file model.pdb (PDB, C-alpha atoms)
ATOM      1  CA  ALA A  41      48.980-270.641  50.727
ATOM      2  CA  SER A  42      45.419-269.353  50.435
ATOM      3  CA  THR A  43      44.006-272.839  50.970
ATOM      4  CA  GLY A  44      46.267-273.399  53.965
ATOM      5  CA  TRP A  45      45.311-270.053  55.486
ATOM      6  CA  LEU A  46      41.558-270.619  55.063
ATOM      7  CA  SER A  47      41.828-274.161  56.431
ATOM      8  CA  VAL A  48      43.506-272.823  59.561
ATOM      9  CA  ILE A  49      41.157-269.904  60.172
ATOM     10  CA  TYR A  50      37.951-271.850  59.476
ATOM     11  CA  THR A  51      39.108-274.405  62.054
ATOM     12  CA  LEU A  52      40.162-271.667  64.468
ATOM     13  CA  HIS A  53      36.844-269.855  64.095
ATOM     14  CA  ASN A  54      34.855-273.007  64.856
ATOM     15  CA  TRP A  55      36.846-273.195  68.095
ATOM     16  CA  MET A  56      35.908-269.557  68.717
ATOM     17  CA  LEU A  57      32.235-270.408  68.144
ATOM     18  CA  ALA A  58      32.575-272.898  70.987
ATOM     19  CA  LEU A  59      33.480-269.958  73.246
ATOM     20  CA  PHE A  60      30.077-268.325  72.715
ATOM     21  CA  PRO A  61      27.051-269.088  74.916
ATOM     22  CA  GLU A  62      25.521-272.495  74.295
ATOM     23  CA  ASP A  63      22.408-271.047  72.603
ATOM     24  CA  ALA A  64      24.570-269.473  69.896
ATOM     25  CA  GLN A  65      26.474-272.717  69.366
ATOM     26  CA  GLN A  66      23.247-274.689  68.958
ATOM     27  CA  GLU A  67      21.904-272.197  66.425
ATOM     28  CA  VAL A  68      25.023-272.214  64.258
ATOM     29  CA  TRP A  69      25.635-275.967  64.405
ATOM     30  CA  ALA A  70      21.978-277.025  64.209
ATOM     31  CA  GLU A  71      22.268-278.429  60.688
ATOM     32  CA  ARG A  72      25.995-279.092  60.242
ATOM     33  CA  SER A  73      28.931-280.131  62.350
ATOM     34  CA  HIS A  74      31.079-277.194  61.273
ATOM     35  CA  ALA A  75      30.586-273.640  60.070
ATOM     36  CA  LEU A  76      32.380-271.460  57.544
ATOM     37  CA  VAL A  77      32.936-268.239  59.465
ATOM     38  CA  PRO A  78      35.281-265.322  58.784
ATOM     39  CA  CYS A  79      36.303-263.287  61.817
ATOM     40  CA  VAL A  80      37.625-259.727  61.816
ATOM     41  CA  LEU A  81      39.072-258.497  65.094
ATOM     42  CA  SER A  82      39.810-254.914  64.064
ATOM     43  CA  PRO A  83      37.578-252.560  66.088
ATOM     44  CA  THR A  84      36.072-250.682  63.132
ATOM     45  CA  GLY A  85      32.429-251.023  64.156
ATOM     46  CA  THR A  86      30.287-249.673  66.966
ATOM     47  CA  ALA A  87      27.394-251.258  68.848
ATOM     48  CA  GLU A  88      24.663-249.736  70.967
ATOM     49  CA  PRO A  89      23.079-251.685  73.841
ATOM     50  CA  VAL A  90      19.352-252.228  73.303
ATOM     51  CA  GLN A  91      16.696-254.463  74.835
ATOM     52  CA  GLY A  92      17.793-258.076  74.360
ATOM     53  CA  GLY A  93      21.141-257.355  72.740
ATOM     54  CA  HIS A  94      22.903-254.738  70.612
ATOM     55  CA  ARG A  95      22.486-252.839  67.366
ATOM     56  CA  LEU A  96      25.705-253.062  65.331
ATOM     57  CA  THR A  97      27.052-250.852  62.547
ATOM     58  CA  GLY A  98      30.420-250.768  60.810
ATOM     59  CA  ARG A  99      32.654-251.862  57.968
ATOM     60  CA  TRP A 100      35.497-254.327  58.390
ATOM     61  CA  SER A 101      38.337-255.180  56.011
ATOM     62  CA  TRP A 102      40.244-258.470  55.679
ATOM     63  CA  GLY A 103      37.251-260.824  55.884
ATOM     64  CA  SER A 104      39.142-263.946  54.833
ATOM     65  CA  GLY A 105      36.710-266.714  53.866
ATOM     66  CA  VAL A 106      33.643-264.488  53.595
ATOM     67  CA  MET A 107      32.918-265.645  50.032
ATOM     68  CA  HIS A 108      31.972-269.101  51.372
ATOM     69  CA  ALA A 109      30.578-267.974  54.734
ATOM     70  CA  ASP A 110      27.343-268.965  56.422
ATOM     71  CA  HIS A 111      28.033-266.683  59.430
ATOM     72  CA  VAL A 112      30.458-263.859  60.235
ATOM     73  CA  MET A 113      32.171-262.651  63.399
ATOM     74  CA  VAL A 114      33.267-259.030  63.809
ATOM     75  CA  MET A 115      34.457-256.861  66.672
ATOM     76  CA  GLY A 116      32.570-253.742  67.689
ATOM     77  CA  LEU A 117      33.126-251.155  70.393
ATOM     78  CA  VAL A 118      30.359-250.648  72.950
ATOM     79  CA  THR A 119      30.282-247.622  75.255
ATOM     80  CA  VAL A 120      29.119-248.600  78.741
ATOM     81  CA  ASP A 121      29.139-245.991  81.529
ATOM     82  CA  ALA A 122      31.750-243.895  79.668
ATOM     83  CA  THR A 123      33.934-247.009  79.268
ATOM     84  CA  ILE A 124      34.658-248.570  75.869
ATOM     85  CA  GLU A 125      34.130-252.332  75.803
ATOM     86  CA  PRO A 126      35.272-254.337  72.749
ATOM     87  CA  ARG A 127      32.860-257.204  72.001
ATOM     88  CA  LEU A 128      32.819-259.965  69.405
ATOM     89  CA  PHE A 129      29.527-260.290  67.516
ATOM     90  CA  LEU A 130      28.178-263.285  65.581
ATOM     91  CA  LEU A 131      25.741-262.729  62.699
ATOM     92  CA  PRO A 132      24.197-264.782  59.880
ATOM     93  CA  ARG A 133      25.725-264.157  56.449
ATOM     94  CA  GLU A 134      22.443-262.713  55.158
ATOM     95  CA  ASP A 135      22.676-259.841  57.672
ATOM     96  CA  VAL A 136      25.858-258.424  56.098
ATOM     97  CA  THR A 137      26.932-256.835  52.818
ATOM     98  CA  VAL A 138      30.143-258.034  51.184
ATOM     99  CA  HIS A 139      32.138-255.559  49.095
ATOM    100  CA  ASP A 140      34.356-256.921  46.302
ATOM    101  CA  VAL A 141      37.646-255.185  47.114
ATOM    102  CA  TRP A 142      40.110-258.083  47.368
ATOM    103  CA  HIS A 143      42.230-257.367  44.280
ATOM    104  CA  THR A 144      45.724-258.146  45.534
ATOM    105  CA  SER A 145      49.095-259.387  44.360
ATOM    106  CA  GLY A 146      49.118-262.300  46.829
ATOM    107  CA  MET A 147      46.792-264.557  48.824
ATOM    108  CA  ARG A 148      44.171-264.041  46.124
ATOM    109  CA  GLY A 149      42.320-267.256  46.917
ATOM    110  CA  THR A 150      41.287-266.133  50.411
ATOM    111  CA  GLY A 151      38.621-263.755  49.079
ATOM    112  CA  SER A 152      39.267-261.422  52.019
ATOM    113  CA  ASN A 153      36.657-258.848  51.044
ATOM    114  CA  ASP A 154      35.130-256.105  53.172
ATOM    115  CA  ILE A 155      32.145-256.810  55.437
ATOM    116  CA  GLU A 156      29.592-254.068  56.070
ATOM    117  CA  ILE A 157      26.803-254.123  58.638
ATOM    118  CA  THR A 158      24.181-251.401  59.015
ATOM    119  CA  ASP A 159      22.140-251.160  62.210
ATOM    120  CA  ALA A 160      21.756-254.942  62.601
ATOM    121  CA  PHE A 161      20.230-256.377  65.766
ATOM    122  CA  VAL A 162      22.460-258.961  67.460
ATOM    123  CA  ALA A 163      20.888-260.956  70.287
ATOM    124  CA  ALA A 164      22.696-260.971  73.632
ATOM    125  CA  HIS A 165      23.735-264.630  73.357
ATOM    126  CA  ARG A 166      25.501-263.840  70.066
ATOM    127  CA  SER A 167      28.107-261.503  71.541
ATOM    128  CA  VAL A 168      30.981-261.992  73.964
ATOM    129  CA  PRO A 169      33.281-259.391  75.585
ATOM    130  CA  MET A 170      36.723-259.623  74.006
ATOM    131  CA  LEU A 171      38.316-259.370  77.449
ATOM    132  CA  ASP A 172      36.596-262.619  78.459
ATOM    133  CA  MET A 173      37.948-264.366  75.371
ATOM    134  CA  ALA A 174      41.390-262.837  75.806
ATOM    135  CA  GLU A 175      41.627-264.151  79.366
ATOM    136  CA  GLY A 176      40.141-267.605  78.748
ATOM    137  CA  ARG A 177      36.902-267.138  80.698
ATOM    138  CA  SER A 178      34.347-266.961  77.908
ATOM    139  CA  PRO A 179      30.830-268.425  78.296
ATOM    140  CA  GLY A 180      31.897-271.491  76.309
ATOM    141  CA  SER A 181      34.579-272.327  78.859
ATOM    142  CA  SER A 182      31.824-273.395  81.245
ATOM    143  CA  VAL A 183      30.020-275.381  78.526
ATOM    144  CA  HIS A 184      33.058-277.425  77.467
ATOM    145  CA  GLU A 185      35.286-278.953  80.141
ATOM    146  CA  ALA A 186      38.468-279.405  78.087
ATOM    147  CA  ALA A 187      41.334-277.011  78.809
ATOM    148  CA  LEU A 188      41.359-276.020  75.132
ATOM    149  CA  TYR A 189      38.216-273.936  75.696
ATOM    150  CA  LYS A 190      39.800-272.083  78.607
ATOM    151  CA  THR A 191      42.800-271.024  76.542
ATOM    152  CA  PRO A 192      43.047-267.267  75.884
ATOM    153  CA  LEU A 193      42.176-266.245  72.329
ATOM    154  CA  VAL A 194      45.161-264.273  71.058
ATOM    155  CA  PRO A 195      47.913-266.895  71.617
ATOM    156  CA  VAL A 196      45.825-269.506  69.799
ATOM    157  CA  PHE A 197      45.037-267.111  66.952
ATOM    158  CA  ALA A 198      48.624-265.886  66.541
ATOM    159  CA  LEU A 199      50.396-269.237  66.793
ATOM    160  CA  THR A 200      48.014-271.190  64.557
ATOM    161  CA  GLY A 201      48.074-268.343  62.035
ATOM    162  CA  ALA A 202      51.866-268.523  61.836
ATOM    163  CA  ALA A 203      51.796-272.221  60.910
ATOM    164  CA  PRO A 204      50.741-271.918  57.228
ATOM    165  CA  VAL A 205      53.185-269.036  56.744
ATOM    166  CA  LEU A 206      56.020-271.239  57.968
ATOM    167  CA  GLY A 207      54.683-273.931  55.632
ATOM    168  CA  ILE A 208      55.045-271.594  52.645
ATOM    169  CA  ALA A 209      58.724-271.091  53.454
ATOM    170  CA  GLU A 210      59.381-274.792  54.023
ATOM    171  CA  GLY A 211      57.793-275.516  50.648
ATOM    172  CA  VAL A 212      60.010-272.949  48.923
ATOM    173  CA  LEU A 213      63.093-274.426  50.596
ATOM    174  CA  ALA A 214      62.191-277.909  49.322
ATOM    175  CA  ARG A 215      61.673-276.588  45.766
ATOM    176  CA  PHE A 216      64.869-274.543  45.890
ATOM    177  CA  THR A 217      66.838-277.612  46.966
ATOM    178  CA  ASP A 218      65.457-279.628  44.041
ATOM    179  CA  ARG A 219      66.131-276.752  41.648
ATOM    180  CA  MET A 220      69.740-276.415  42.798
ATOM    181  CA  ARG A 221      70.535-280.040  41.978
ATOM    182  CA  ASN A 222      69.942-279.635  38.260
ATOM    183  CA  ARG A 223      70.121-275.919  37.502
ATOM    184  CA  VAL A 224      72.924-274.832  35.167
ATOM    185  CA  MET A 225      73.977-271.200  35.514
ATOM    186  CA  ALA A 226      73.773-268.977  32.448
ATOM    187  CA  TYR A 227      77.044-267.933  30.785
ATOM    188  CA  THR A 228      79.329-269.986  33.064
ATOM    189  CA  GLY A 229      77.766-273.428  32.578
ATOM    190  CA  GLU A 230      78.366-274.249  36.244
ATOM    191  CA  ARG A 231      75.851-276.257  38.210
ATOM    192  CA  GLN A 232      74.300-274.254  41.004
ATOM    193  CA  ARG A 233      74.804-277.132  43.414
ATOM    194  CA  ASP A 234      78.594-276.681  43.059
ATOM    195  CA  LEU A 235      78.590-272.987  43.998
ATOM    196  CA  MET A 236      79.587-272.248  47.584
ATOM    197  CA  GLY A 237      77.276-269.218  47.785
ATOM    198  CA  SER A 238      74.245-271.347  46.918
ATOM    199  CA  GLN A 239      75.296-274.043  49.363
ATOM    200  CA  ILE A 240      75.568-271.427  52.107
ATOM    201  CA  ARG A 241      72.122-270.001  51.290
ATOM    202  CA  LEU A 242      70.619-273.466  51.424
ATOM    203  CA  ALA A 243      72.227-274.243  54.790
ATOM    204  CA  SER A 244      71.327-270.862  56.286
ATOM    205  CA  ALA A 245      67.683-271.164  55.188
ATOM    206  CA  SER A 246      67.494-274.698  56.579
ATOM    207  CA  ALA A 247      68.829-273.566  59.959
ATOM    208  CA  ASP A 248      66.542-270.525  60.131
ATOM    209  CA  LEU A 249      63.388-272.497  59.317
ATOM    210  CA  SER A 250      64.311-275.364  61.648
ATOM    211  CA  ALA A 251      64.821-272.876  64.457
ATOM    212  CA  ALA A 252      61.516-271.160  63.628
ATOM    213  CA  ARG A 253      59.664-274.477  63.691
ATOM    214  CA  LEU A 254      61.177-275.442  67.046
ATOM    215  CA  LEU A 255      60.316-272.032  68.495
ATOM    216  CA  LEU A 256      56.723-272.326  67.293
ATOM    217  CA  GLN A 257      56.338-275.894  68.570
ATOM    218  CA  ASN A 258      57.887-275.104  71.955
ATOM    219  CA  THR A 259      55.614-272.114  72.446
ATOM    220  CA  LEU A 260      52.535-274.111  71.468
ATOM    221  CA  ARG A 261      53.614-276.822  73.897
ATOM    222  CA  ASP A 262      54.022-274.261  76.677
ATOM    223  CA  VAL A 263      50.528-272.843  76.041
ATOM    224  CA  CYS A 264      48.971-276.319  76.008
ATOM    225  CA  GLU A 265      50.800-277.554  79.097
ATOM    226  CA  THR A 266      49.929-274.412  81.039
ATOM    227  CA  THR A 267      46.223-274.594  80.275
ATOM    228  CA  ASN A 268      46.100-278.363  80.764
ATOM    229  CA  ALA A 269      47.567-277.853  84.234
ATOM    230  CA  VAL A 270      44.707-275.402  84.921
ATOM    231  CA  GLU A 271      47.216-272.604  85.355
ATOM    232  CA  GLU A 272      46.578-269.051  84.228
ATOM    233  CA  LEU A 273      48.121-268.106  80.883
ATOM    234  CA  GLY A 274      49.225-264.727  82.151
ATOM    235  CA  LEU A 275      49.989-261.534  80.290
ATOM    236  CA  HIS A 276      53.673-262.403  79.912
ATOM    237  CA  ARG A 277      52.978-265.746  78.222
ATOM    238  CA  ARG A 278      50.320-264.192  75.994
ATOM    239  CA  ALA A 279      52.710-261.441  74.891
ATOM    240  CA  ARG A 280      55.385-264.043  74.224
ATOM    241  CA  ALA A 281      53.012-265.952  71.954
ATOM    242  CA  ARG A 282      52.533-262.845  69.818
ATOM    243  CA  LEU A 283      56.292-262.262  69.827
ATOM    244  CA  VAL A 284      56.965-265.814  68.636
ATOM    245  CA  ALA A 285      54.274-265.724  65.937
ATOM    246  CA  ALA A 286      55.597-262.456  64.520
ATOM    247  CA  HIS A 287      59.195-263.677  64.666
ATOM    248  CA  VAL A 288      58.367-266.964  62.909
ATOM    249  CA  VAL A 289      56.528-265.127  60.137
ATOM    250  CA  SER A 290      59.316-262.558  59.784
ATOM    251  CA  THR A 291      61.882-265.362  59.512
ATOM    252  CA  ALA A 292      59.781-267.223  56.942
ATOM    253  CA  ARG A 293      59.377-264.094  54.839
ATOM    254  CA  LYS A 294      63.107-263.361  54.900
ATOM    255  CA  VAL A 295      63.958-266.909  53.838
ATOM    256  CA  VAL A 296      61.433-266.944  50.987
ATOM    257  CA  ASN A 297      62.631-263.625  49.575
ATOM    258  CA  GLU A 298      66.277-264.689  49.774
ATOM    259  CA  LEU A 299      65.678-268.059  48.130
ATOM    260  CA  CYS A 300      63.495-266.585  45.407
ATOM    261  CA  GLY A 301      66.275-264.106  44.665
ATOM    262  CA  ALA A 302      68.786-266.944  44.465
ATOM    263  CA  ALA A 303      66.516-269.060  42.253
ATOM    264  CA  GLY A 304      67.181-266.873  39.218
ATOM    265  CA  ALA A 305      65.092-264.693  36.931
ATOM    266  CA  SER A 306      63.148-267.632  35.507
ATOM    267  CA  ALA A 307      61.596-268.138  38.958
ATOM    268  CA  GLN A 308      59.552-264.994  38.263
ATOM    269  CA  PHE A 309      57.580-266.416  35.332
ATOM    270  CA  SER A 310      53.858-266.506  36.105
ATOM    271  CA  ASP A 311      53.751-270.317  36.109
ATOM    272  CA  SER A 312      56.555-270.565  38.674
ATOM    273  CA  PRO A 313      55.654-271.617  42.236
ATOM    274  CA  PHE A 314      58.480-269.399  43.515
ATOM    275  CA  GLN A 315      56.952-266.087  42.521
ATOM    276  CA  ARG A 316      53.536-267.173  43.736
ATOM    277  CA  ALA A 317      54.916-268.130  47.151
ATOM    278  CA  GLN A 318      56.795-264.834  47.293
ATOM    279  CA  ARG A 319      53.655-262.812  46.547
ATOM    280  CA  ASP A 320      51.634-264.826  49.043
ATOM    281  CA  ILE A 321      54.070-264.572  51.925
ATOM    282  CA  ASN A 322      54.674-260.845  51.421
ATOM    283  CA  THR A 323      50.918-260.285  51.484
ATOM    284  CA  ILE A 324      50.087-262.432  54.530
ATOM    285  CA  SER A 325      53.028-261.002  56.480
ATOM    286  CA  GLY A 326      51.194-257.694  56.468
ATOM    287  CA  HIS A 327      48.487-259.098  58.771
ATOM    288  CA  VAL A 328      48.314-256.978  61.903
ATOM    289  CA  ILE A 329      48.878-259.957  64.207
ATOM    290  CA  PHE A 330      52.283-260.510  62.538
ATOM    291  CA  ASP A 331      53.468-256.894  62.754
ATOM    292  CA  ALA A 332      56.961-257.487  64.108
ATOM    293  CA  ASP A 333      57.502-253.972  65.471
ATOM    294  CA  ALA A 334      54.200-254.050  67.348
ATOM    295  CA  ALA A 335      54.754-257.575  68.681
ATOM    296  CA  TYR A 336      58.307-256.842  69.810
ATOM    297  CA  ALA A 337      57.240-253.574  71.460
ATOM    298  CA  LEU A 338      54.337-255.340  73.177
ATOM    299  CA  TYR A 339      56.621-257.984  74.632
ATOM    300  CA  GLY A 340      59.100-255.310  75.731
ATOM    301  CA  LYS A 341      56.354-253.374  77.522
ATOM    302  CA  VAL A 342      55.042-256.427  79.338
ATOM    303  CA  GLU A 343      58.539-257.614  80.250
ATOM    304  CA  LEU A 344      59.278-254.186  81.716
ATOM    305  CA  GLY A 345      56.018-254.034  83.654
ATOM    306  CA  LEU A 346      54.309-251.417  81.459
ATOM    307  CA  ASP A 347      50.596-251.415  80.615
ATOM    308  CA  PRO A 348      50.068-252.519  76.987
ATOM    309  CA  GLY A 349      46.739-250.655  76.752
ATOM    310  CA  PRO A 350      43.088-251.806  76.732
ATOM    311  CA  LEU A 351      42.751-252.355  72.953
ATOM    312  CA  THR A 352      46.036-254.228  72.442
ATOM    313  CA  MET A 353      45.619-257.745  71.083
ATOM    314  CA  VAL A 354      47.270-259.851  73.759
TER     315      VAL A 354
END

call {"tool": "encode", "arguments": {"input": "model.pdb", "output": "structure tokens"}}
result
Amino acid sequence: ASTGWLSVIYTLHNWMLALFPEDAQQEVWAERSHALVPCVLSPTGTAEPVQGGHRLTGRWSWGSGVMHADHVMVMGLVTVDATIEPRLFLLPREDVTVHDVWHTSGMRGTGSNDIEITDAFVAAHRSVPMLDMAEGRSPGSSVHEAALYKTPLVPVFALTGAAPVLGIAEGVLARFTDRMRNRVMAYTGERQRDLMGSQIRLASASADLSAARLLLQNTLRDVCETTNAVEELGLHRRARARLVAAHVVSTARKVVNELCGAAGASAQFSDSPFQRAQRDINTISGHVIFDADAAYALYGKVELGLDPGPLTMV
């Protein structure tokens, strides 16, 4: 799960690099065709406008991939004319301090440690207003012609992030199915495959995950087709993407916990893939982008014509 998550976000963050001004892209990709870049979108830093850029200070948690990073991206709040503007900042790894705090029950391999920055200068071409990224009109959208680079940030981030979580659940379902075929129940001597309750759990999990996969694929297709047709991916579609991502992850988590419970006590031994998948999925489901209550409420607000607020990820 950790490898799948890092593979997705490293790829995603290289796409995000392509949304920065061309000068920043050339600097990062001068010596290699890809970069290893964590990105933290929580607004826990502040930046002050100065000549030629900003001075940035803050501490950010959940820096997945920072242990292998050559650059980092973090979000800071800039006050301009009494208005708060969230901006994404790009810095070299040597400009930040990494704090070893990632001691968790799950997703241990992501190394999602804290990132701290103290009064670092960030040149103007290394920051982009989050609103521009959120609405698909970043500087990189004029550098690259493909519709992919005009796609708003949050739907891409949410939907691609949900993919490895769904993969965890599909992997558990495959292992549970194999386990059922040969497992003999303690005390009764019955094979688990012959028990109606286990058959029902297997069928229910299969239906739930198939539905989740179709929902994810259909939403991705809608995002791609809309942007390819040079149509605006409006607030409603962006809110729906967050809704779908959170729902897919919530479904995957429910399935994994139910199947791990039905796999028996031996599935909890430390060498069992079941308990590891359970720890991983319960940890990654806590990511703010997958908060089901927040995502459902966001979609409800937008559907009812209410303002979701300036700092809402949508």

call {"tool": "closest_atom_pairs", "arguments": {"input": "model.pdb", "of": "region 75-120 of chain A", "to": "region 315-331 of chain A", "cutoff": "12 Å", "atoms": "only C-alpha atoms", "output": "Markdown table"}}
result
| residue | atom | partner | partner_atom | distance |
| --- | --- | --- | --- | --- |
| A:Val80 | CA | A:Val328 | CA | 11.0 |
| A:Leu81 | CA | A:Val328 | CA | 9.9 |
| A:Ser82 | CA | A:Val328 | CA | 9.0 |
| A:Ser101 | CA | A:His327 | CA | 11.2 |
| A:Trp102 | CA | A:His327 | CA | 8.8 |
| A:Gly103 | CA | A:His327 | CA | 11.7 |
| A:Ser104 | CA | A:Ile324 | CA | 11.1 |

call {"tool": "closest_residue", "arguments": {"input": "model.pdb", "among": "A:Trp142, A:Phe216, A:Trp100, A:Trp55", "to": "Thr191 (chain A)", "atoms": "all atoms listed in the file"}}
result
A:Trp55

call {"tool": "resolve_selection", "arguments": {"input": "model.pdb", "expression": "the PyMOL selection byres ((chain A and resi 283-299) around 8)", "output": "ChimeraX atom specification"}}
result
/A:198-199,201-202,205-206,208-209,212-213,216,241,245,248-249,252-253,255-256,259,279-282,300-303,317-318,321-322,325,329-332,335-336,338-339

call {"tool": "residues_around", "arguments": {"input": "model.pdb", "residues": "Ser182 (chain A)", "least_positions_apart": "5", "cutoff": "10 Å", "atoms": "only C-alpha atoms", "output": "PDB file with C-alpha atoms, in the coordinates of the input"}}
result
ATOM      1  CA  LEU A  59      33.480-269.958  73.246  1.00  0.00           C
ATOM      2  CA  PRO A  61      27.051-269.088  74.916  1.00  0.00           C
ATOM      3  CA  GLU A  62      25.521-272.495  74.295  1.00  0.00           C
ATOM      4  CA  ARG A 177      36.902-267.138  80.698  1.00  0.00           C
ATOM      5  CA  TYR A 189      38.216-273.936  75.696  1.00  0.00           C
ATOM      6  CA  LYS A 190      39.800-272.083  78.607  1.00  0.00           C
TER       7      LYS A 190
END

call {"tool": "atom_distance", "arguments": {"input": "model.pdb", "atom1": "CA of Pro204 (chain A)", "atom2": "CA of Asp110 (chain A)"}}
result
23.6 Å

call {"tool": "atom_distance", "arguments": {"input": "model.pdb", "atom1": "CA of Val263 (chain A)", "atom2": "CA of Leu275 (chain A)"}}
result
12.1 Å

call {"tool": "closest_residue", "arguments": {"input": "model.pdb", "among": "A:Arg99, A:Arg233, A:Arg148, A:Arg133", "to": "Asp218 (chain A)", "atoms": "all atoms listed in the file"}}
result
A:Arg233

call {"tool": "resolve_selection", "arguments": {"input": "model.pdb", "expression": "the PyMOL selection byres ((chain A and resi 113) around 9)", "output": "JSON, numbers by chain"}}
result
{"A": [53, 77, 78, 79, 80, 81, 111, 112, 114, 115, 128, 129, 130, 131, 132]}

call {"tool": "atom_distance", "arguments": {"input": "model.pdb", "atom1": "CA of Val162 (chain A)", "atom2": "CA of Gly93 (chain A)"}}
result
5.7 Å
